[in-house]
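K.L.:
So here's entry.json (JSON, C-alpha atoms and all ligand atoms).
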[["chain", "number", "residue", "atom", "x", "y", "z"],
["A", 291, "MET", "CA", 0.00, 0.00, 0.00],
["A", 292, "GLN", "CA", 2.86, 2.41, 0.83],
["A", 293, "ASP", "CA", 4.25, 1.88, -2.66],
["A", 294, "ILE", "CA", 0.89, 2.73, -4.26],
["A", 295, "ILE", "CA", 0.56, 5.84, -2.09],
["A", 296, "ARG", "CA", 4.05, 7.00, -3.06],
["A", 297, "LYS", "CA", 3.32, 6.51, -6.77],
["A", 298, "ILE", "CA", -0.01, 8.36, -6.47],
["A", 299, "LYS", "CA", 1.72, 11.31, -4.81],
["A", 300, "GLU", "CA", 4.45, 11.38, -7.47],
["A", 301, "LEU", "CA", 2.02, 11.25, -10.38],
["A", 302, "LYS", "CA", -0.28, 13.81, -8.80],
["A", 303, "SER", "CA", 2.54, 16.29, -8.57],
["A", 304, "GLN", "CA", 4.00, 15.44, -12.02],
["A", 305, "LYS", "CA", 0.62, 15.93, -13.69],
["A", 306, "ASN", "CA", -0.51, 18.79, -11.45],
["A", 307, "ALA", "CA", -3.60, 16.70, -10.70],
["A", 308, "LEU", "CA", -6.01, 17.08, -7.80],
["A", 309, "LEU", "CA", -7.73, 14.30, -5.90],
["A", 310, "LEU", "CA", -11.27, 15.02, -4.68],
["A", 311, "ALA", "CA", -13.06, 12.59, -2.37],
["A", 312, "HIS", "CA", -16.62, 12.43, -1.13],
["A", 313, "ASN", "CA", -17.13, 11.99, 2.64],
["A", 314, "TYR", "CA", -18.22, 8.34, 2.12],
["A", 315, "GLN", "CA", -14.97, 7.21, 0.49],
["A", 316, "ASP", "CA", -12.57, 4.74, 2.13],
["A", 317, "ILE", "CA", -10.23, 6.14, 4.79],
["A", 318, "GLU", "CA", -7.06, 5.66, 2.68],
["A", 319, "ILE", "CA", -8.60, 7.64, -0.16],
["A", 320, "GLN", "CA", -9.88, 10.46, 2.03],
["A", 321, "ASP", "CA", -6.49, 10.65, 3.75],
["A", 322, "LEU", "CA", -4.76, 11.10, 0.39],
["A", 323, "ALA", "CA", -7.30, 13.54, -1.07],
["A", 324, "ASP", "CA", -6.51, 17.21, -1.67],
["A", 325, "TYR", "CA", -10.15, 18.01, -0.88],
["A", 326, "ARG", "CA", -12.96, 16.15, 0.86],
["A", 327, "GLY", "CA", -16.57, 17.16, 1.25],
["A", 328, "ASP", "CA", -20.26, 16.66, 0.63],
["A", 329, "SER", "CA", -21.86, 17.00, -2.80],
["A", 330, "LEU", "CA", -22.34, 20.75, -2.54],
["A", 331, "GLN", "CA", -18.89, 21.49, -1.17],
["A", 332, "LEU", "CA", -17.23, 19.42, -3.90],
["A", 333, "ALA", "CA", -19.37, 21.03, -6.62],
["A", 334, "MET", "CA", -18.61, 24.55, -5.40],
["A", 335, "LEU", "CA", -14.95, 23.71, -5.20],
["A", 336, "SER", "CA", -14.82, 22.13, -8.66],
["A", 337, "ALA", "CA", -16.05, 25.38, -10.18],
["A", 338, "GLN", "CA", -12.92, 27.14, -8.90],
["A", 339, "LEU", "CA", -10.20, 24.57, -9.56],
["A", 340, "LYS", "CA", -7.54, 25.38, -12.14],
["A", 341, "SER", "CA", -5.90, 21.95, -12.28],
["A", 342, "PRO", "CA", -5.80, 20.27, -15.73],
["A", 343, "LEU", "CA", -6.69, 16.90, -14.19],
["A", 344, "ILE", "CA", -9.23, 16.09, -11.47],
["A", 345, "ILE", "CA", -9.52, 12.55, -10.12],
["A", 346, "PHE", "CA", -12.97, 12.40, -8.56],
["A", 347, "CYS", "CA", -13.44, 9.64, -5.98],
["A", 348, "GLY", "CA", -17.15, 9.30, -5.47],
["A", 349, "VAL", "CA", -19.94, 8.31, -7.84],
["A", 350, "GLN", "CA", -20.88, 9.19, -11.41],
["A", 351, "PHE", "CA", -23.26, 12.11, -10.78],
["A", 352, "MET", "CA", -20.67, 13.87, -8.60],
["A", 353, "ALA", "CA", -17.89, 13.61, -11.20],
["A", 354, "GLU", "CA", -20.37, 14.63, -13.92],
["A", 355, "THR", "CA", -21.34, 17.76, -11.98],
["A", 356, "ALA", "CA", -17.66, 18.66, -11.59],
["A", 357, "ALA", "CA", -17.06, 18.15, -15.33],
["A", 358, "ILE", "CA", -20.05, 20.28, -16.30],
["A", 359, "ILE", "CA", -19.13, 23.23, -14.12],
["A", 360, "ASN", "CA", -15.42, 23.02, -14.87],
["A", 361, "PRO", "CA", -15.05, 22.36, -18.60],
["A", 362, "HIS", "CA", -11.34, 23.35, -18.47],
["A", 363, "SER", "CA", -10.33, 20.34, -16.40],
["A", 364, "LYS", "CA", -10.27, 16.72, -17.45],
["A", 365, "VAL", "CA", -12.41, 14.93, -14.85],
["A", 366, "ILE", "CA", -11.83, 11.23, -14.27],
["A", 367, "LEU", "CA", -14.03, 8.83, -12.32],
["A", 368, "PRO", "CA", -11.56, 6.06, -11.35],
["A", 369, "VAL", "CA", -14.17, 3.26, -11.50],
["A", 370, "LYS", "CA", -16.41, 3.49, -14.55],
["A", 371, "ASP", "CA", -19.48, 1.82, -13.04],
["A", 372, "ALA", "CA", -19.52, 3.64, -9.69],
["A", 373, "GLY", "CA", -23.08, 4.88, -10.13],
["A", 374, "CYS", "CA", -25.97, 5.88, -7.90],
["A", 375, "PRO", "CA", -29.12, 3.72, -8.11],
["A", 376, "MET", "CA", -31.30, 6.61, -6.95],
["A", 377, "ALA", "CA", -30.07, 8.75, -9.86],
["A", 378, "ASP", "CA", -31.28, 6.02, -12.23],
["A", 379, "MET", "CA", -34.81, 5.94, -10.78],
["A", 380, "ILE", "CA", -35.98, 8.64, -13.20],
["A", 381, "ASP", "CA", -34.90, 9.36, -16.78],
["A", 382, "SER", "CA", -35.49, 12.42, -18.94],
["A", 383, "ALA", "CA", -38.49, 10.90, -20.78],
["A", 384, "GLN", "CA", -40.20, 10.13, -17.46],
["A", 385, "LEU", "CA", -39.50, 13.64, -16.24],
["A", 386, "ARG", "CA", -40.98, 15.16, -19.40],
["A", 387, "GLU", "CA", -44.18, 13.12, -18.83],
["A", 388, "PHE", "CA", -44.26, 14.21, -15.15],
["A", 389, "LYS", "CA", -44.01, 17.86, -16.24],
["A", 390, "LYS", "CA", -46.88, 17.41, -18.71],
["A", 391, "ILE", "CA", -49.18, 16.46, -15.82],
["A", 392, "TYR", "CA", -48.28, 19.70, -13.98],
["A", 393, "PRO", "CA", -47.88, 22.40, -16.65],
["A", 394, "ASN", "CA", -47.30, 25.38, -14.30],
["A", 395, "SER", "CA", -44.50, 23.72, -12.40],
["A", 396, "SER", "CA", -40.86, 24.21, -11.48],
["A", 397, "VAL", "CA", -38.68, 21.14, -11.29],
["A", 398, "VAL", "CA", -36.21, 20.89, -8.41],
["A", 399, "CYS", "CA", -33.80, 18.13, -9.05],
["A", 400, "TYR", "CA", -31.57, 16.56, -6.42],
["A", 401, "VAL", "CA", -28.00, 16.57, -7.67],
["A", 402, "ASN", "CA", -28.10, 12.76, -7.30],
["A", 403, "SER", "CA", -29.56, 12.52, -10.81],
["A", 404, "THR", "CA", -28.42, 11.97, -14.37],
["A", 405, "VAL", "CA", -27.17, 14.86, -16.45],
["A", 406, "GLU", "CA", -30.16, 14.43, -18.80],
["A", 407, "VAL", "CA", -32.57, 14.88, -15.88],
["A", 408, "LYS", "CA", -30.67, 17.96, -14.72],
["A", 409, "ALA", "CA", -31.02, 19.34, -18.25],
["A", 410, "GLU", "CA", -34.83, 18.96, -18.01],
["A", 411, "SER", "CA", -34.98, 20.64, -14.58],
["A", 412, "ASP", "CA", -35.20, 24.26, -13.45],
["A", 413, "ILE", "CA", -32.82, 24.13, -10.52],
["A", 414, "CYS", "CA", -30.69, 21.56, -8.71],
["A", 415, "CYS", "CA", -30.25, 21.11, -4.98],
["A", 416, "THR", "CA", -28.22, 18.98, -2.61],
["A", 417, "SER", "CA", -29.07, 17.76, 0.86],
["A", 418, "SER", "CA", -27.43, 20.86, 2.35],
["A", 419, "ASN", "CA", -29.42, 23.49, 0.44],
["A", 420, "ALA", "CA", -32.72, 21.77, -0.50],
["A", 421, "VAL", "CA", -34.76, 23.89, 1.96],
["A", 422, "GLN", "CA", -33.24, 27.13, 0.65],
["A", 423, "VAL", "CA", -33.79, 26.04, -2.95],
["A", 424, "LEU", "CA", -37.49, 25.26, -2.32],
["A", 425, "GLN", "CA", -37.93, 28.67, -0.68],
["A", 426, "SER", "CA", -36.52, 30.33, -3.79],
["A", 427, "ILE", "CA", -39.28, 28.98, -6.07],
["A", 428, "PRO", "CA", -42.03, 31.52, -6.87],
["A", 429, "GLU", "CA", -45.17, 30.87, -4.76],
["A", 430, "ASP", "CA", -47.43, 30.48, -7.80],
["A", 431, "LYS", "CA", -45.48, 27.47, -9.09],
["A", 432, "THR", "CA", -46.23, 23.82, -8.36],
["A", 433, "ILE", "CA", -42.94, 22.28, -7.23],
["A", 434, "LEU", "CA", -41.97, 18.90, -8.64],
["A", 435, "PHE", "CA", -39.09, 17.28, -6.75],
["A", 436, "VAL", "CA", -37.04, 14.46, -8.33],
["A", 437, "PRO", "CA", -35.82, 11.78, -7.75],
["A", 438, "ASP", "CA", -35.66, 11.49, -3.90],
["A", 439, "ARG", "CA", -39.05, 11.34, -2.17],
["A", 440, "ASN", "CA", -37.47, 11.38, 1.30],
["A", 441, "LEU", "CA", -35.34, 14.48, 0.80],
["A", 442, "GLY", "CA", -38.20, 16.15, -1.11],
["A", 443, "ASN", "CA", -40.78, 15.53, 1.62],
["A", 444, "TRP", "CA", -38.42, 16.50, 4.44],
["A", 445, "ALA", "CA", -37.37, 19.74, 2.70],
["A", 446, "ALA", "CA", -41.05, 20.52, 1.95],
["A", 447, "LYS", "CA", -41.86, 20.32, 5.67],
["A", 448, "GLN", "CA", -38.87, 22.46, 6.63],
["A", 449, "SER", "CA", -39.56, 25.12, 4.01],
["A", 450, "GLY", "CA", -43.34, 25.20, 4.40],
["A", 451, "ARG", "CA", -43.71, 24.62, 0.64],
["A", 452, "LYS", "CA", -45.96, 22.04, -0.94],
["A", 453, "VAL", "CA", -44.02, 19.60, -3.10],
["A", 454, "ILE", "CA", -44.95, 16.73, -5.42],
["A", 455, "THR", "CA", -42.19, 14.16, -5.24],
["A", 456, "TRP", "CA", -41.04, 11.45, -7.62],
["A", 457, "ASP", "CA", -41.01, 8.04, -5.94],
["A", 458, "GLY", "CA", -37.23, 7.56, -5.93],
["A", 459, "PHE", "CA", -35.04, 6.76, -2.93],
["A", 460, "CYS", "CA", -31.56, 5.70, -1.94],
["A", 461, "PRO", "CA", -31.55, 1.95, -1.14],
["A", 462, "THR", "CA", -28.76, 2.40, 1.41],
["A", 463, "HIS", "CA", -30.60, 5.08, 3.40],
["A", 464, "GLN", "CA", -34.08, 3.63, 2.85],
["A", 465, "TRP", "CA", -33.32, 0.11, 4.00],
["A", 466, "GLY", "CA", -30.14, 0.59, 6.05],
["A", 467, "PHE", "CA", -31.88, 1.65, 9.29],
["A", 468, "SER", "CA", -34.94, 0.68, 11.29],
["A", 469, "PRO", "CA", -36.79, 2.30, 14.23],
["A", 470, "GLU", "CA", -35.63, -0.74, 16.30],
["A", 471, "ASP", "CA", -32.00, 0.29, 15.66],
["A", 472, "ILE", "CA", -32.89, 3.66, 17.18],
["A", 473, "SER", "CA", -34.58, 2.29, 20.30],
["A", 474, "LYS", "CA", -31.68, -0.11, 20.88],
["A", 475, "LEU", "CA", -28.98, 2.55, 20.56],
["A", 476, "ARG", "CA", -30.94, 5.25, 22.43],
["A", 477, "LYS", "CA", -31.09, 2.87, 25.38],
["A", 478, "LYS", "CA", -27.38, 2.11, 25.18],
["A", 479, "TYR", "CA", -26.27, 5.72, 24.55],
["A", 480, "PRO", "CA", -28.95, 7.93, 26.16],
["A", 481, "HIS", "CA", -26.83, 11.12, 26.00],
["A", 482, "HIS", "CA", -25.70, 10.81, 22.37],
["A", 483, "THR", "CA", -27.17, 13.03, 19.65],
["A", 484, "LEU", "CA", -28.71, 11.22, 16.69],
["A", 485, "LEU", "CA", -27.74, 12.81, 13.35],
["A", 486, "ALA", "CA", -29.62, 11.59, 10.27],
["A", 487, "HIS", "CA", -29.20, 12.24, 6.57],
["A", 488, "PRO", "CA", -32.44, 13.48, 4.95],
["A", 489, "GLU", "CA", -32.32, 10.56, 2.47],
["A", 490, "CYS", "CA", -33.38, 8.27, 5.36],
["A", 491, "ASP", "CA", -36.96, 7.06, 5.68],
["A", 492, "PRO", "CA", -39.27, 9.53, 7.53],
["A", 493, "ALA", "CA", -39.56, 6.96, 10.38],
["A", 494, "ILE", "CA", -35.84, 7.58, 11.05],
["A", 495, "VAL", "CA", -35.68, 11.31, 10.26],
["A", 496, "GLU", "CA", -38.63, 12.08, 12.57],
["A", 497, "GLN", "CA", -36.79, 10.56, 15.52],
["A", 498, "ALA", "CA", -33.44, 12.22, 14.76],
["A", 499, "ASP", "CA", -32.16, 15.10, 16.89],
["A", 500, "GLU", "CA", -30.64, 16.80, 13.85],
["A", 501, "VAL", "CA", -31.03, 16.22, 10.10],
["A", 502, "MET", "CA", -28.19, 17.28, 7.84],
["A", 503, "SER", "CA", -25.89, 16.60, 4.90],
["A", 504, "THR", "CA", -22.61, 14.74, 5.32],
["A", 505, "GLY", "CA", -20.81, 18.11, 5.33],
["A", 506, "GLY", "CA", -23.10, 19.21, 8.18],
["A", 507, "MET", "CA", -22.23, 16.01, 10.07],
["A", 508, "MET", "CA", -18.53, 16.70, 9.62],
["A", 509, "LYS", "CA", -18.94, 20.16, 11.19],
["A", 510, "TYR", "CA", -21.20, 18.87, 13.96],
["A", 511, "VAL", "CA", -18.75, 16.18, 15.03],
["A", 512, "GLU", "CA", -15.86, 18.66, 14.92],
["A", 513, "ALA", "CA", -17.62, 20.53, 17.74],
["A", 514, "ASN", "CA", -19.35, 17.68, 19.65],
["A", 515, "ASP", "CA", -18.19, 14.39, 21.17],
["A", 516, "ASN", "CA", -21.06, 11.91, 21.42],
["A", 517, "VAL", "CA", -23.06, 11.06, 18.30],
["A", 518, "ILE", "CA", -25.03, 8.31, 16.65],
["A", 519, "ILE", "CA", -24.87, 8.64, 12.87],
["A", 520, "ALA", "CA", -27.54, 7.58, 10.40],
["A", 521, "THR", "CA", -25.87, 7.76, 7.01],
["A", 522, "GLU", "CA", -23.60, 5.62, 4.83],
["A", 523, "ASN", "CA", -20.93, 3.95, 6.97],
["A", 524, "GLY", "CA", -17.94, 5.35, 5.05],
["A", 525, "MET", "CA", -18.75, 8.65, 6.78],
["A", 526, "THR", "CA", -18.81, 7.09, 10.24],
["A", 527, "ASN", "CA", -15.58, 5.18, 9.58],
["A", 528, "TYR", "CA", -13.76, 8.32, 8.53],
["A", 529, "LEU", "CA", -15.07, 10.33, 11.49],
["A", 530, "LYS", "CA", -13.89, 7.60, 13.88],
["A", 531, "HIS", "CA", -10.50, 7.64, 12.16],
["A", 532, "ILE", "CA", -9.97, 11.39, 12.56],
["A", 533, "TYR", "CA", -11.55, 11.65, 16.03],
["A", 534, "PRO", "CA", -10.48, 8.42, 17.80],
["A", 535, "GLN", "CA", -11.14, 10.01, 21.21],
["A", 536, "LYS", "CA", -14.83, 10.75, 20.46],
["A", 537, "SER", "CA", -17.77, 8.37, 20.79],
["A", 538, "ILE", "CA", -19.08, 8.04, 17.22],
["A", 539, "ILE", "CA", -21.60, 5.25, 16.74],
["A", 540, "SER", "CA", -23.09, 4.06, 13.47],
["A", 541, "LEU", "CA", -26.86, 3.56, 13.70],
["A", 542, "SER", "CA", -26.55, 0.35, 11.68],
["A", 543, "PRO", "CA", -23.75, -1.69, 10.09],
["A", 544, "LYS", "CA", -26.14, -2.39, 7.19],
["A", 545, "ALA", "CA", -25.89, 1.14, 5.76],
["A", 546, "VAL", "CA", -23.29, 0.52, 3.09],
["A", 547, "CYS", "CA", -23.38, 2.03, -0.40],
["A", 548, "PRO", "CA", -21.83, -0.61, -2.68],
["A", 549, "ASN", "CA", -20.98, 2.03, -5.29],
["A", 550, "MET", "CA", -19.07, 4.21, -2.84],
["A", 551, "ARG", "CA", -17.06, 1.14, -1.86],
["A", 552, "LYS", "CA", -15.92, 0.40, -5.42],
["A", 553, "THR", "CA", -12.98, 2.82, -5.53],
["A", 554, "HIS", "CA", -9.66, 1.60, -4.12],
["A", 555, "LEU", "CA", -6.19, 3.12, -4.05],
["A", 556, "GLN", "CA", -5.12, 0.97, -7.00],
["A", 557, "ASP", "CA", -7.96, 2.49, -9.07],
["A", 558, "VAL", "CA", -6.75, 5.97, -8.19],
["A", 559, "LEU", "CA", -3.26, 5.05, -9.32],
["A", 560, "THR", "CA", -4.53, 3.53, -12.58],
["A", 561, "ALA", "CA", -6.65, 6.64, -13.18],
["A", 562, "LEU", "CA", -3.59, 8.85, -12.79],
["A", 563, "GLU", "CA", -1.45, 6.61, -14.99],
["A", 564, "ASN", "CA", -3.87, 6.03, -17.85],
["A", 565, "GLU", "CA", -6.32, 8.94, -17.48],
["A", 566, "GLN", "CA", -9.10, 6.57, -18.52],
["A", 567, "HIS", "CA", -12.84, 6.92, -17.77],
["A", 568, "GLU", "CA", -12.88, 10.62, -18.47],
["A", 569, "ILE", "CA", -16.34, 12.12, -17.95],
["A", 570, "ILE", "CA", -17.59, 13.28, -21.34],
["A", 571, "VAL", "CA", -21.01, 14.92, -21.50],
["A", 572, "ASP", "CA", -22.85, 15.86, -24.69],
["A", 573, "GLU", "CA", -22.30, 19.62, -25.16],
["A", 574, "GLU", "CA", -25.94, 20.64, -25.50],
["A", 575, "ILE", "CA", -27.08, 18.49, -22.54],
["A", 576, "ALA", "CA", -24.20, 19.87, -20.47],
["A", 577, "ARG", "CA", -25.16, 23.46, -21.38],
["A", 578, "ARG", "CA", -28.75, 22.91, -20.20],
["A", 579, "ALA", "CA", -27.75, 20.95, -17.08],
["A", 580, "LYS", "CA", -25.30, 23.72, -16.16],
["A", 581, "ILE", "CA", -28.15, 26.25, -16.01],
["A", 582, "SER", "CA", -29.83, 24.18, -13.23],
["A", 583, "ILE", "CA", -26.55, 23.66, -11.40],
["A", 584, "ASP", "CA", -25.53, 27.34, -11.69],
["A", 585, "ARG", "CA", -28.88, 28.49, -10.30],
["A", 586, "MET", "CA", -28.24, 26.32, -7.26],
["A", 587, "LEU", "CA", -24.67, 27.56, -6.86],
["A", 588, "GLU", "CA", -25.80, 31.20, -7.06],
["A", 589, "LEU", "CA", -28.11, 30.56, -4.09],
["A", 590, "SER", "CA", -25.43, 28.81, -2.06],
["B", 1, "LIG", "P1", -24.21, 14.66, 0.73],
["B", 1, "LIG", "O1", -24.39, 15.74, -0.28],
["B", 1, "LIG", "O2", -24.86, 14.96, 2.04],
["B", 1, "LIG", "O3", -22.75, 14.34, 0.89],
["B", 1, "LIG", "O4", -24.94, 13.34, 0.23],
["B", 1, "LIG", "C1", -24.56, 12.67, -0.93],
["B", 1, "LIG", "C2", -25.12, 11.34, -1.02],
["B", 1, "LIG", "O5", -24.99, 10.65, -1.99],
["B", 1, "LIG", "C3", -25.86, 10.85, 0.11],
["B", 1, "LIG", "O6", -26.19, 9.53, -0.08],
["B", 2, "LIG", "FE1", -26.56, 7.13, -4.24],
["B", 2, "LIG", "FE2", -27.37, 6.34, -1.85],
["B", 2, "LIG", "FE3", -24.94, 5.71, -2.64],
["B", 2, "LIG", "FE4", -25.56, 8.24, -2.00],
["B", 2, "LIG", "S1", -25.51, 6.48, -0.65],
["B", 2, "LIG", "S2", -24.41, 7.57, -3.78],
["B", 2, "LIG", "S3", -27.67, 8.34, -2.76],
["B", 2, "LIG", "S4", -26.87, 5.04, -3.58]]
Do you think you could lay out the structure here as structure tokens?

P.N.:
Amino acid sequence: MQDIIRKIKELKSQKNALLLAHNYQDIEIQDLADYRGDSLQLAMLSAQLKSPLIIFCGVQFMAETAAIINPHSKVILPVKDAGCPMADMIDSAQLREFKKIYPNSSVVCYVNSTVEVKAESDICCTSSNAVQVLQSIPEDKTILFVPDRNLGNWAAKQSGRKVITWDGFCPTHQWGFSPEDISKLRKKYPHHTLLAHPECDPAIVEQADEVMSTGGMMKYVEANDNVIIATENGMTNYLKHIYPQKSIISLSPKAVCPNMRKTHLQDVLTALENEQHEIIVDEEIARRAKISIDRMLELS
């Protein structure tokens, strides 16, 4: 492993490349990354980077967003099939049909979506700005929210706006936790704060003390010692690694995103060596998707 790490560092500096990692990535990858963050933080950062080569350790929609907002950099996703099943729960044809049913509507699209769906939407959001994005939509518009029903319904409650959601969800957050996990851990750790990601089922979110993005969790744990975390376990593993003295408990060992687990150090090295799996987006689709992403970034 030390040999791979040394080669990655050498190639990164030779090629003036940057390594970006989502908060769910493996510890070794996050430790090596130039930047870590949640979807919004990484998107905002990508817009400013000047590096000719970005190795994006995360999943397809994240690397695609970076490529769309930073057309000057070559963006590589080290593992070609690291996708997001929620993003594939709606396609552009389905969204066009959905819009036909509600002609005076604005479409808010979670960034966990395909580039074609972003191109058909009015504005994007992430888990850290969904409430703010909903509040920005003119009152006379019907709001359609795709693809995540859980984030859409939670953000609707928080913002006081009425929202019609697509029936998509994240399998990891939907099925990873149960109310029984909460009662068990609340009994064991009565003074811990339960932090939940808004992609979780309402039965989990309603019992959480705080609901936030992975970037929000990172900040919360920086300032607090005793937490139970309801999100993908890569996040919990990394938090435990950087704060070994704190009590950081995962709500359930079942909450694993198989796609986030696909990228290993060897893949990062191969990506740097061969520069394969570059994200290429059709120019016209990218132009339209960028309008939705830019609107979100302007609000953030
Ligand atoms: P964050 O934007 O909170 O990092 O969430 C991304 C994601 O894919 C959650 O499953
Ligand atoms: Fe997609 Fe869920 Fe994995 Fe996040 S955790 S990338 S929403 S499948």

K.L.:
Quick one: of A:Leu441, A:Ile581, A:Ile391, A:Ala307, who's nearest to Pro492 of chain A, counting only C-alpha atoms?

P.N.:
A:Leu441

K.L.:
Would you please work out which residue, of A:Tyr533, A:Tyr479, A:Tyr314, A:Trp456, is nearest to Glu387 of chain A when using all atoms listed in the file?

P.N.:
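Comparing A:Tyr533, A:Tyr479, A:Tyr314, A:Trp456 against Glu387 of chain A, the winner is A:Trp456.
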
K.L.:
For Val511 of chain A, please output as a list in words all residues within 10 Å (counting all atoms listed in the file; exclusion window: fewer than 2 positions along the same chain).

P.N.:
Leu485, Gly506, Met507, Met508, Lys509, Ala513, Asn514, Asp515, Asn516, Val517, Ile519, Leu529, Lys530, Tyr533, Lys536, Ser537 and Ile538 of chain A

K.L.:
Pick out the residues no farther than 7 Å from ligand LIG 2 (chain B), counting all atoms listed in the file, and list them as a ChimeraX atom specification.

P.N.:
/A:349,374-377,402,460-463,522,547,549-550

K.L.:
Would you be able to write out as an MDAnalysis selection string which residues have an atom within 7 Å of (-12.8, 6.0, -2.9) in the file's coordinates, counting only C-alpha atoms?

P.N.:
chainID A and resid 311 315:316 319 347:348 550:554

K.L.:
Work out how far atom CA of Ala383 of chain A is from atom CA of Gln331 of chain A, in Å to one decimal.

P.N.:
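Separation between atom CA of Gln331 of chain A and atom CA of Ala383 of chain A: 29.7 Å.
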
K.L.:
Might you pull out every residue within 10 Å of Ile454 of chain A, with all atoms listed in the file counted and same-chain residues fewer than 4 positions away left off, and present them as a PyMOL selection string?

P.N.:
chain A and resi 392+395+397+432-436+439+442-443+446

K.L.:
So which residues are near ligand LIG 1 (chain B), meaning at most 6 Å away with all atoms listed in the file counted, given back as a list in words?

P.N.:
Asp328, Ser329, Leu330, Thr416, Ser417, Ser503 and Thr504 of chain A

K.L.:
Please save C-alpha atoms of the selected residues as a CSV table (one decimal), keeping the file's coordinate frame.

P.N.:
chain,number,residue,atom,x,y,z
A,328,ASP,CA,-20.3,16.7,0.6
A,329,SER,CA,-21.9,17.0,-2.8
A,330,LEU,CA,-22.3,20.8,-2.5
A,416,THR,CA,-28.2,19.0,-2.6
A,417,SER,CA,-29.1,17.8,0.9
A,503,SER,CA,-25.9,16.6,4.9
A,504,THR,CA,-22.6,14.7,5.3

K.L.:
Check the smallest atom-to-atom distance from each of A:Glu500, A:Asp412, A:Ile569, A:Glu588 to Ile344 of chain A using all atoms listed in the file, then report the winner.

P.N.:
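Answer, going by the shortest atom-to-atom distance: A:Ile569.
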
K.L.:
Skip Asn313 of chain A itself and residues of its chain fewer than 6 positions away, then list as an MDAnalysis selection string all residues within 8 Å of it, counting all atoms listed in the file.

P.N.:
chainID A and resid 320 326:328 504:505 524:525 528

K.L.:
Please, what is the axis-aligned box for every listed atom of segment 378-396 of chain A with 8 Å on each side, as centre and edge lengths in Å to one decimal, as AutoDock Vina command-line options?

P.N.:
--center_x -40.2 --center_y 15.7 --center_z -15.8 --size_x 33.9 --size_y 35.4 --size_z 26.0

K.L.:
Find the distance between atom CA of Lys364 of chain A and atom CA of Pro342 of chain A and write it in Å to one decimal.

P.N.:
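We find that atom CA of Lys364 of chain A and atom CA of Pro342 of chain A lie 6.0 Å from each other.
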
K.L.:
Please check which residues have atoms at most 9 Å from (-28.8, 25.3, -17.9) in the file's coordinates, counting all atoms listed in the file, and write them as a list in words.

P.N.:
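In the file's frame, the residues around the point are Lys408, Ala409, Glu410, Ser411, Asp412, Ile413, Ile575, Ala576, Arg577, Arg578, Ala579, Lys580, Ile581, Ser582, Ile583, Asp584 and Arg585 of chain A.
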
K.L.:
Report, in Å to a single decimal, how far apart atom CA of Ile358 of chain A and atom CA of Ala372 of chain A are.

P.N.:
17.9 Å
